[in-house]
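> One file: upload-v1.txt (compact mmCIF, C-alpha atoms).
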```
# COMPACT_ATOMS: atom_id res chain seq x y z
CA MET A 1 76.58 60.78 137.31
CA SER A 2 75.55 64.28 136.46
CA MET A 3 78.43 65.63 138.45
CA GLU A 4 80.78 63.49 136.42
CA ARG A 5 79.33 64.85 133.20
CA ASP A 6 79.73 68.38 134.44
CA GLU A 7 83.30 67.69 135.25
CA ARG A 8 83.94 66.31 131.83
CA ALA A 9 82.22 69.27 130.25
CA SER A 10 84.29 71.72 132.21
CA ARG A 11 87.44 69.84 131.29
CA ALA A 12 86.48 69.98 127.63
CA GLY A 13 85.86 73.68 128.02
CA ALA A 14 89.27 74.14 129.53
CA ALA A 15 90.84 72.22 126.63
CA ALA A 16 89.03 74.38 124.12
CA ALA A 17 90.30 77.47 125.90
CA ASP A 18 93.82 76.06 125.67
CA ASP A 19 93.41 75.50 121.95
CA ARG A 20 92.31 79.06 121.51
CA GLY A 21 95.33 80.21 123.48
CA ASP A 22 97.64 78.19 121.23
CA LYS A 23 96.04 79.61 118.14
CA LYS A 24 96.51 83.10 119.44
CA ARG A 25 100.21 82.47 119.96
CA SER A 26 100.83 81.00 116.52
CA VAL A 27 98.95 83.64 114.59
CA GLY A 28 100.31 84.51 111.17
CA ARG A 29 100.76 82.79 107.85
CA ARG A 30 103.00 79.81 107.31
CA LYS A 31 106.42 80.81 106.02
CA GLN A 32 107.01 80.03 102.39
CA CYS A 33 110.27 78.72 101.01
CA LYS A 34 112.04 81.72 99.53
CA PHE A 35 113.75 79.67 96.86
CA CYS A 36 110.54 77.99 95.70
CA GLY A 37 108.87 81.38 95.45
CA ASP A 38 111.66 83.00 93.47
CA GLU A 39 113.19 80.91 90.70
CA ALA A 40 115.85 83.53 90.05
CA LEU A 41 117.30 83.11 93.53
CA LYS A 42 120.13 80.59 93.27
CA ILE A 43 121.86 78.94 96.20
CA ASP A 44 125.59 79.37 95.75
CA TYR A 45 128.34 78.58 98.24
CA LYS A 46 130.16 81.73 97.09
CA ASP A 47 127.22 84.00 97.97
CA GLN A 48 128.22 85.02 101.46
CA ALA A 49 125.49 87.64 101.82
CA LEU A 50 122.73 85.12 101.10
CA LEU A 51 124.09 82.33 103.30
CA LYS A 52 124.65 84.63 106.25
CA TYR A 53 120.89 84.80 106.59
CA PHE A 54 120.75 81.04 107.28
CA ILE A 55 123.25 80.81 110.11
CA THR A 56 122.85 82.04 113.66
CA ASP A 57 125.21 84.54 115.25
CA ARG A 58 126.95 81.48 116.71
CA GLY A 59 127.63 80.17 113.23
CA LYS A 60 125.12 77.31 113.42
CA LEU A 61 122.62 76.49 110.72
CA VAL A 62 119.16 77.97 111.24
CA PRO A 63 116.57 75.17 111.45
CA ARG A 64 114.01 74.76 108.75
CA ARG A 65 111.08 75.55 111.02
CA ILE A 66 112.52 79.01 111.51
CA SER A 67 113.97 79.79 108.11
CA GLY A 68 110.86 78.45 106.36
CA ASN A 69 112.84 76.62 103.68
CA CYS A 70 111.46 73.50 102.06
CA ALA A 71 113.40 70.27 102.60
CA LYS A 72 115.06 70.37 99.20
CA HIS A 73 116.34 73.89 99.54
CA GLN A 74 117.34 73.42 103.17
CA ARG A 75 119.58 70.56 102.04
CA GLU A 76 121.10 72.78 99.37
CA ILE A 77 121.66 75.55 101.91
CA ALA A 78 123.33 73.08 104.27
CA VAL A 79 125.73 71.93 101.54
CA ALA A 80 126.44 75.51 100.50
CA VAL A 81 127.22 76.55 104.08
CA ARG A 82 129.55 73.56 104.50
CA ARG A 83 131.37 74.54 101.33
CA ALA A 84 131.56 78.20 102.33
CA ARG A 85 133.09 77.11 105.64
CA MET A 86 135.84 75.28 103.78
CA ILE A 87 137.00 78.45 102.05
CA ALA A 88 136.72 80.54 105.21
CA LEU A 89 133.78 82.59 103.96
CA MET A 90 131.63 81.30 106.81
CA PRO A 91 132.68 80.42 110.35
CA PHE A 92 132.50 76.88 111.76
CA ALA A 93 131.79 78.32 115.18
CA VAL A 94 131.74 81.79 116.66
CA THR A 95 133.01 81.84 120.21
CA GLY A 96 132.36 84.63 122.63
CA ALA A 97 136.06 85.27 123.20
CA MET B 1 153.85 63.72 87.88
CA ALA B 2 150.50 62.35 88.81
CA GLN B 3 149.40 59.20 87.11
CA VAL B 4 146.96 59.47 84.27
CA ARG B 5 143.58 58.75 85.74
CA HIS B 6 140.81 57.18 83.74
CA GLY B 7 137.39 58.70 84.04
CA SER B 8 134.33 56.90 85.27
CA SER B 9 132.00 54.88 83.08
CA ARG B 10 129.54 57.77 83.26
CA ASP B 11 131.88 59.95 81.23
CA ILE B 12 130.99 60.38 77.58
CA SER B 13 134.04 60.63 75.33
CA GLY B 14 134.62 64.12 73.97
CA ARG B 15 132.82 65.67 76.93
CA LYS B 16 134.48 67.26 79.92
CA ARG B 17 133.71 68.06 83.50
CA GLU B 18 133.24 71.55 84.79
CA TYR B 19 135.15 72.48 87.92
CA GLU B 20 135.64 75.51 90.10
CA THR B 21 138.76 76.00 92.17
CA ILE B 22 139.17 78.74 94.73
CA TYR B 23 142.49 79.38 96.37
CA ILE B 24 143.45 81.84 99.05
CA LEU B 25 146.82 83.59 98.93
CA ARG B 26 148.70 85.25 101.76
CA PRO B 27 147.50 88.85 102.21
CA ASP B 28 151.01 90.34 101.94
CA ILE B 29 151.59 88.90 98.45
CA THR B 30 152.80 91.21 95.65
CA HIS B 31 150.94 91.63 92.36
CA GLU B 32 153.77 89.98 90.43
CA ALA B 33 153.61 86.93 92.66
CA VAL B 34 149.83 86.67 92.17
CA GLY B 35 150.40 86.77 88.42
CA LEU B 36 153.02 84.04 88.66
CA VAL B 37 150.73 81.69 90.59
CA ASN B 38 147.88 82.34 88.16
CA THR B 39 150.10 81.68 85.12
CA LYS B 40 151.32 78.47 86.69
CA ILE B 41 147.79 77.20 87.33
CA ARG B 42 146.68 78.21 83.86
CA GLY B 43 149.60 76.22 82.47
CA VAL B 44 148.65 73.17 84.52
CA ILE B 45 145.03 73.35 83.33
CA GLU B 46 145.95 73.79 79.69
CA THR B 47 148.63 71.10 79.57
CA GLY B 48 146.24 68.78 81.38
CA GLY B 49 143.74 69.03 78.53
CA GLY B 50 141.46 71.58 80.17
CA THR B 51 139.93 74.87 79.08
CA LEU B 52 139.91 77.88 81.34
CA LEU B 53 136.44 79.46 81.46
CA LYS B 54 136.76 82.24 83.98
CA VAL B 55 139.35 83.78 86.26
CA ASP B 56 138.35 86.21 88.95
CA ASN B 57 140.20 88.02 91.70
CA TRP B 58 137.89 88.72 94.63
CA GLY B 59 140.49 90.85 96.33
CA LYS B 60 141.60 90.76 99.93
CA ARG B 61 138.92 89.53 102.28
CA ARG B 62 138.71 88.90 105.97
CA LEU B 63 138.69 85.16 106.68
CA ALA B 64 135.94 83.78 108.89
CA TYR B 65 138.59 81.99 110.94
CA GLU B 66 142.36 81.85 111.12
CA VAL B 67 144.04 79.91 108.31
CA GLN B 68 147.79 79.29 108.65
CA LYS B 69 148.08 82.19 111.12
CA GLN B 70 146.42 84.59 108.66
CA MET B 71 143.20 86.49 109.29
CA LYS B 72 143.03 87.93 105.77
CA GLY B 73 143.61 86.44 102.37
CA MET B 74 143.39 87.17 98.68
CA TYR B 75 140.77 85.02 96.95
CA LEU B 76 141.33 83.73 93.42
CA PHE B 77 138.52 82.00 91.55
CA PHE B 78 139.13 79.70 88.56
CA SER B 79 136.36 78.07 86.54
CA TYR B 80 137.45 75.48 83.96
CA LEU B 81 136.56 72.38 81.97
CA GLY B 82 138.78 69.37 82.20
CA PRO B 83 139.07 65.60 82.17
CA ALA B 84 138.99 63.43 85.27
CA GLY B 85 142.14 63.78 87.32
CA LEU B 86 142.87 67.37 86.37
CA VAL B 87 141.71 68.71 89.72
CA GLU B 88 144.20 66.49 91.55
CA GLU B 89 147.00 67.94 89.46
CA VAL B 90 145.82 71.53 89.98
CA GLU B 91 145.47 71.06 93.73
CA ARG B 92 148.85 69.32 93.97
CA ASN B 93 150.48 72.31 92.28
CA LEU B 94 148.69 74.75 94.56
CA ARG B 95 149.74 72.85 97.67
CA LEU B 96 153.36 73.08 96.54
CA THR B 97 153.08 76.86 96.28
CA ASP B 98 154.06 78.55 99.52
CA SER B 99 151.90 81.63 99.09
CA VAL B 100 148.70 79.55 98.89
CA ILE B 101 147.10 79.05 102.29
CA ARG B 102 143.91 77.23 101.30
CA THR B 103 142.49 75.57 98.19
CA TYR B 104 139.03 74.23 97.51
CA SER B 105 137.61 72.66 94.36
CA VAL B 106 134.03 71.82 93.46
CA LYS B 107 132.68 69.83 90.53
CA ILE B 108 129.86 71.83 88.97
CA ALA B 109 128.78 69.55 86.12
CA GLU B 110 129.85 66.50 84.16
CA ASN B 111 129.63 65.58 80.50
CA VAL B 112 129.81 69.18 79.33
CA ASP B 113 130.37 69.71 75.63
CA PRO B 114 133.40 72.05 75.44
CA ALA B 115 132.03 73.65 72.27
CA THR B 116 128.99 74.99 74.12
CA ARG B 117 130.98 76.80 76.78
CA ALA B 118 132.83 79.89 75.60
CA SER B 119 135.91 80.96 77.49
CA GLU B 120 135.77 84.45 78.96
CA VAL B 121 139.50 84.43 79.53
CA THR B 122 141.72 86.49 77.28
CA ASP B 123 145.28 87.51 78.02
CA GLU B 124 143.97 90.89 79.07
CA THR B 125 141.36 89.65 81.54
CA PHE B 126 143.88 87.12 82.82
CA ALA B 127 146.42 89.84 83.54
CA LYS B 128 143.73 91.87 85.27
CA ALA B 129 143.06 89.00 87.66
CA ALA B 130 146.49 89.57 89.17
CA THR B 131 145.32 92.88 90.58
CA PRO B 132 142.41 92.88 93.02
CA ARG B 133 139.35 94.99 92.45
CA PRO B 134 139.33 98.49 93.94
CA ASP B 135 137.52 99.25 97.15
CA GLU B 136 138.64 95.93 98.49
CA GLU B 137 137.73 96.60 102.11
CA GLU B 138 134.06 97.11 101.26
CA ILE B 139 133.90 93.98 99.16
CA ALA B 140 136.10 92.21 101.67
CA THR B 141 133.76 92.35 104.61
CA GLY B 142 130.75 91.98 102.33
CA GLN B 143 129.37 95.21 103.76
CA ALA B 144 128.46 96.67 100.40
CA ASN B 145 126.39 93.66 99.34
CA LEU B 146 124.79 93.07 102.70
CA ARG B 147 123.52 96.58 103.01
CA ALA B 148 121.80 96.33 99.68
CA VAL B 149 120.14 93.01 100.47
CA PHE B 150 119.21 93.17 104.14
CA GLY B 151 119.14 96.82 105.03
CA ASP B 152 121.46 98.34 107.57
CA ASP B 153 120.89 96.17 110.64
CA GLU B 154 123.73 94.34 112.37
CA ASP B 155 125.85 93.52 109.32
CA GLY B 156 123.34 90.96 108.11
CA ALA B 157 123.61 88.63 111.09
CA PHE B 158 120.70 86.28 111.58
CA ASP B 159 117.78 88.13 113.10
CA PHE B 160 115.69 85.77 115.16
CA GLU B 161 112.67 88.05 115.49
CA GLU B 162 112.61 88.74 111.80
CA ALA B 163 112.80 85.04 111.01
CA VAL B 164 110.04 84.09 113.43
CA PHE B 165 107.61 86.90 112.83
CA GLY B 166 108.52 87.69 109.28
CA THR B 167 109.07 91.04 107.68
CA ASP B 168 106.54 93.30 106.08
CA ASP B 169 108.57 94.08 103.02
CA ASP B 170 109.07 91.45 100.39
CA GLY B 171 112.58 92.49 99.54
CA PRO B 172 115.03 90.60 97.36
CA LEU B 173 114.97 87.73 99.82
```
Please render this file's structure as structure tokens.

Amino acid sequence: MSMERDERASRAGAAAADDRGDKKRSVGRRKQCKFCGDEALKIDYKDQALLKYFITDRGKLVPRRISGNCAKHQREIAVAVRRARMIALMPFAVTGA
Amino acid sequence: MAQVRHGSSRDISGRKREYETIYILRPDITHEAVGLVNTKIRGVIETGGGTLLKVDNWGKRRLAYEVQKQMKGMYLFFSYLGPAGLVEEVERNLRLTDSVIRTYSVKIAENVDPATRASEVTDETFAKAATPRPDEEEIATGQANLRAVFGDDEDGAFDFEEAVFGTDDDGPL
């Protein structure tokens, strides 16, 4: 009985250690949506310099968890990138060739 | 000619829609030819009951991918008000023009009162749009803008480390 309890206790201890490890890895503040923070910043499909920040070097859209955008602005970015691709301002895909 | 198209029930009479059309011309086009295409499109917009708001020549830019065997193109930007169906007519005319390699139109707003939107286009600014801006290579690759916004690293390509760990400076972005 007591052995079992010890085991459980040690397991709990191990879990707590894991939690601490996780926390250490994800240190830092949560990213804020740039467009919510700055009203003056407008998402425009013609603004190549701005949109370039939201695609990878392969030409794919950067996910929200990385870019830190809120859902609303991520949708707007996605539409803007699709439009920019239509007028050849942004690539559809960048191949290594 | 295209058939007269009736607007949707959302349209308020006397109001117009705001559109933007961008077209890309062959890079080897002469200034006179650019002027001719612009005049033609202006004519189509004005006879179609539209008002031209802005004309801009972005100059020769590198295309992100090959379009009709071209890797460069001259970008022309038109902003205008017009009734439903005008865009179809504008795009039809552009498609018939050989020097145009790509067109794209976007509706910006609907039910715009034409009186509230002043046109920036005069004959002088219109003629200027036939000649691209100077220093076209810098504008072309976007190098000038990018350097100002993101600093000098890797022509503004997405920086994974910066995105994950953030940057110290709270720059313009």
> For range 82-90 of chain A, find every residue with an atom within 8 Å (counting all atoms listed in the file), except residues of its own chain fewer than 6 positions away, and show them as an MDAnalysis selection string.
(chainID A and resid 45:46 48 52 59) or (chainID B and resid 22:24 63:65 67 102:104)
> Tell me, as a PyMOL selection string, which residues lie within 7 Å of Ser105 in chain B, counting only C-alpha atoms; anything in the same chain fewer than 6 positions away does not count.
chain B and resi 19-22
> Distance limit 9 Å, atoms considered: all atoms listed in the file. Which chain A residues sit that close to chain B? Return them as a PyMOL selection string.
chain A and resi 28+31+34-35+38+41+48-50+52-57+62+65-68+83+85-94
> To one decimal in Å, tell me the separation between CA of Glu120 in chain B and CA of Lys54 in chain B.
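Result for CA of Glu120 in chain B versus CA of Lys54 in chain B: 5.6 Å, one decimal.
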> Calculate how many Å separate CA of Asp56 in chain B from CA of His73 in chain A, rounding to one decimal.
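CA of His73 in chain A lies 27.4 Å from CA of Asp56 in chain B.
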> Name all residues at most 9 Å from Leu52 in chain B (count only C-alpha atoms; drop same-chain ones fewer than 5 positions away) and give them as an NGL selection string.
:B and (42 or 45-46 or 78-82 or 119-121)
> Compare B:Glu91, B:Asp123, B:Glu32, B:Asp11 by their minimum atom-to-atom distance to Ala109 in chain B, counting only C-alpha atoms, and give me the closest one.
B:Asp11
> Find the residues near Ile12 in chain B: any atom within 10 Å, counting all atoms listed in the file, skip ones fewer than 2 places away on the same chain, and give them as a list in words.
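Counting all atoms listed in the file, the residues come to Gly7, Ser8, Ser9, Arg10, Gly14, Arg15, Lys16, Glu110, Asn111, Val112 and Asp113 of chain B.
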> Can you give me N, CA and C atoms for range 89-106 of chain B, written as a PDB file, in the coordinates of the input?

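The new file rebuild_28.pdb reads:
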```pdb
ATOM      1  N   GLU B  89     145.760  67.321  89.915  1.00  0.00           N
ATOM      2  CA  GLU B  89     147.000  67.940  89.460  1.00  0.00           C
ATOM      3  C   GLU B  89     147.030  69.427  89.837  1.00  0.00           C
ATOM      4  N   VAL B  90     145.893  70.108  89.643  1.00  0.00           N
ATOM      5  CA  VAL B  90     145.820  71.530  89.980  1.00  0.00           C
ATOM      6  C   VAL B  90     146.041  71.720  91.481  1.00  0.00           C
ATOM      7  N   GLU B  91     145.360  70.899  92.280  1.00  0.00           N
ATOM      8  CA  GLU B  91     145.470  71.060  93.730  1.00  0.00           C
ATOM      9  C   GLU B  91     146.872  70.694  94.223  1.00  0.00           C
ATOM     10  N   ARG B  92     147.493  69.692  93.583  1.00  0.00           N
ATOM     11  CA  ARG B  92     148.850  69.320  93.970  1.00  0.00           C
ATOM     12  C   ARG B  92     149.787  70.504  93.747  1.00  0.00           C
ATOM     13  N   ASN B  93     149.639  71.159  92.586  1.00  0.00           N
ATOM     14  CA  ASN B  93     150.480  72.310  92.280  1.00  0.00           C
ATOM     15  C   ASN B  93     150.237  73.467  93.244  1.00  0.00           C
ATOM     16  N   LEU B  94     148.993  73.657  93.629  1.00  0.00           N
ATOM     17  CA  LEU B  94     148.690  74.750  94.560  1.00  0.00           C
ATOM     18  C   LEU B  94     149.280  74.469  95.939  1.00  0.00           C
ATOM     19  N   ARG B  95     149.204  73.198  96.351  1.00  0.00           N
ATOM     20  CA  ARG B  95     149.740  72.850  97.670  1.00  0.00           C
ATOM     21  C   ARG B  95     151.247  73.059  97.728  1.00  0.00           C
ATOM     22  N   LEU B  96     151.909  72.906  96.579  1.00  0.00           N
ATOM     23  CA  LEU B  96     153.360  73.080  96.540  1.00  0.00           C
ATOM     24  C   LEU B  96     153.753  74.554  96.551  1.00  0.00           C
ATOM     25  N   THR B  97     152.779  75.430  96.320  1.00  0.00           N
ATOM     26  CA  THR B  97     153.080  76.860  96.280  1.00  0.00           C
ATOM     27  C   THR B  97     152.963  77.445  97.686  1.00  0.00           C
ATOM     28  N   ASP B  98     154.028  78.087  98.131  1.00  0.00           N
ATOM     29  CA  ASP B  98     154.060  78.550  99.520  1.00  0.00           C
ATOM     30  C   ASP B  98     153.054  79.649  99.815  1.00  0.00           C
ATOM     31  N   SER B  99     152.773  80.497  98.807  1.00  0.00           N
ATOM     32  CA  SER B  99     151.900  81.630  99.090  1.00  0.00           C
ATOM     33  C   SER B  99     150.429  81.239  99.164  1.00  0.00           C
ATOM     34  N   VAL B 100     150.094  79.999  98.835  1.00  0.00           N
ATOM     35  CA  VAL B 100     148.700  79.550  98.890  1.00  0.00           C
ATOM     36  C   VAL B 100     148.421  78.989 100.271  1.00  0.00           C
ATOM     37  N   ILE B 101     147.398  79.530 100.946  1.00  0.00           N
ATOM     38  CA  ILE B 101     147.100  79.050 102.290  1.00  0.00           C
ATOM     39  C   ILE B 101     145.892  78.120 102.327  1.00  0.00           C
ATOM     40  N   ARG B 102     145.079  78.123 101.298  1.00  0.00           N
ATOM     41  CA  ARG B 102     143.910  77.230 101.300  1.00  0.00           C
ATOM     42  C   ARG B 102     143.449  77.039  99.858  1.00  0.00           C
ATOM     43  N   THR B 103     143.086  75.804  99.506  1.00  0.00           N
ATOM     44  CA  THR B 103     142.490  75.570  98.190  1.00  0.00           C
ATOM     45  C   THR B 103     141.191  74.801  98.382  1.00  0.00           C
ATOM     46  N   TYR B 104     140.280  75.000  97.465  1.00  0.00           N
ATOM     47  CA  TYR B 104     139.030  74.230  97.510  1.00  0.00           C
ATOM     48  C   TYR B 104     138.473  74.103  96.101  1.00  0.00           C
ATOM     49  N   SER B 105     138.129  72.894  95.705  1.00  0.00           N
ATOM     50  CA  SER B 105     137.610  72.660  94.360  1.00  0.00           C
ATOM     51  C   SER B 105     136.246  71.997  94.433  1.00  0.00           C
ATOM     52  N   VAL B 106     135.382  72.364  93.522  1.00  0.00           N
ATOM     53  CA  VAL B 106     134.030  71.820  93.460  1.00  0.00           C
ATOM     54  C   VAL B 106     133.736  71.404  92.026  1.00  0.00           C
TER      55      VAL B 106
END
```
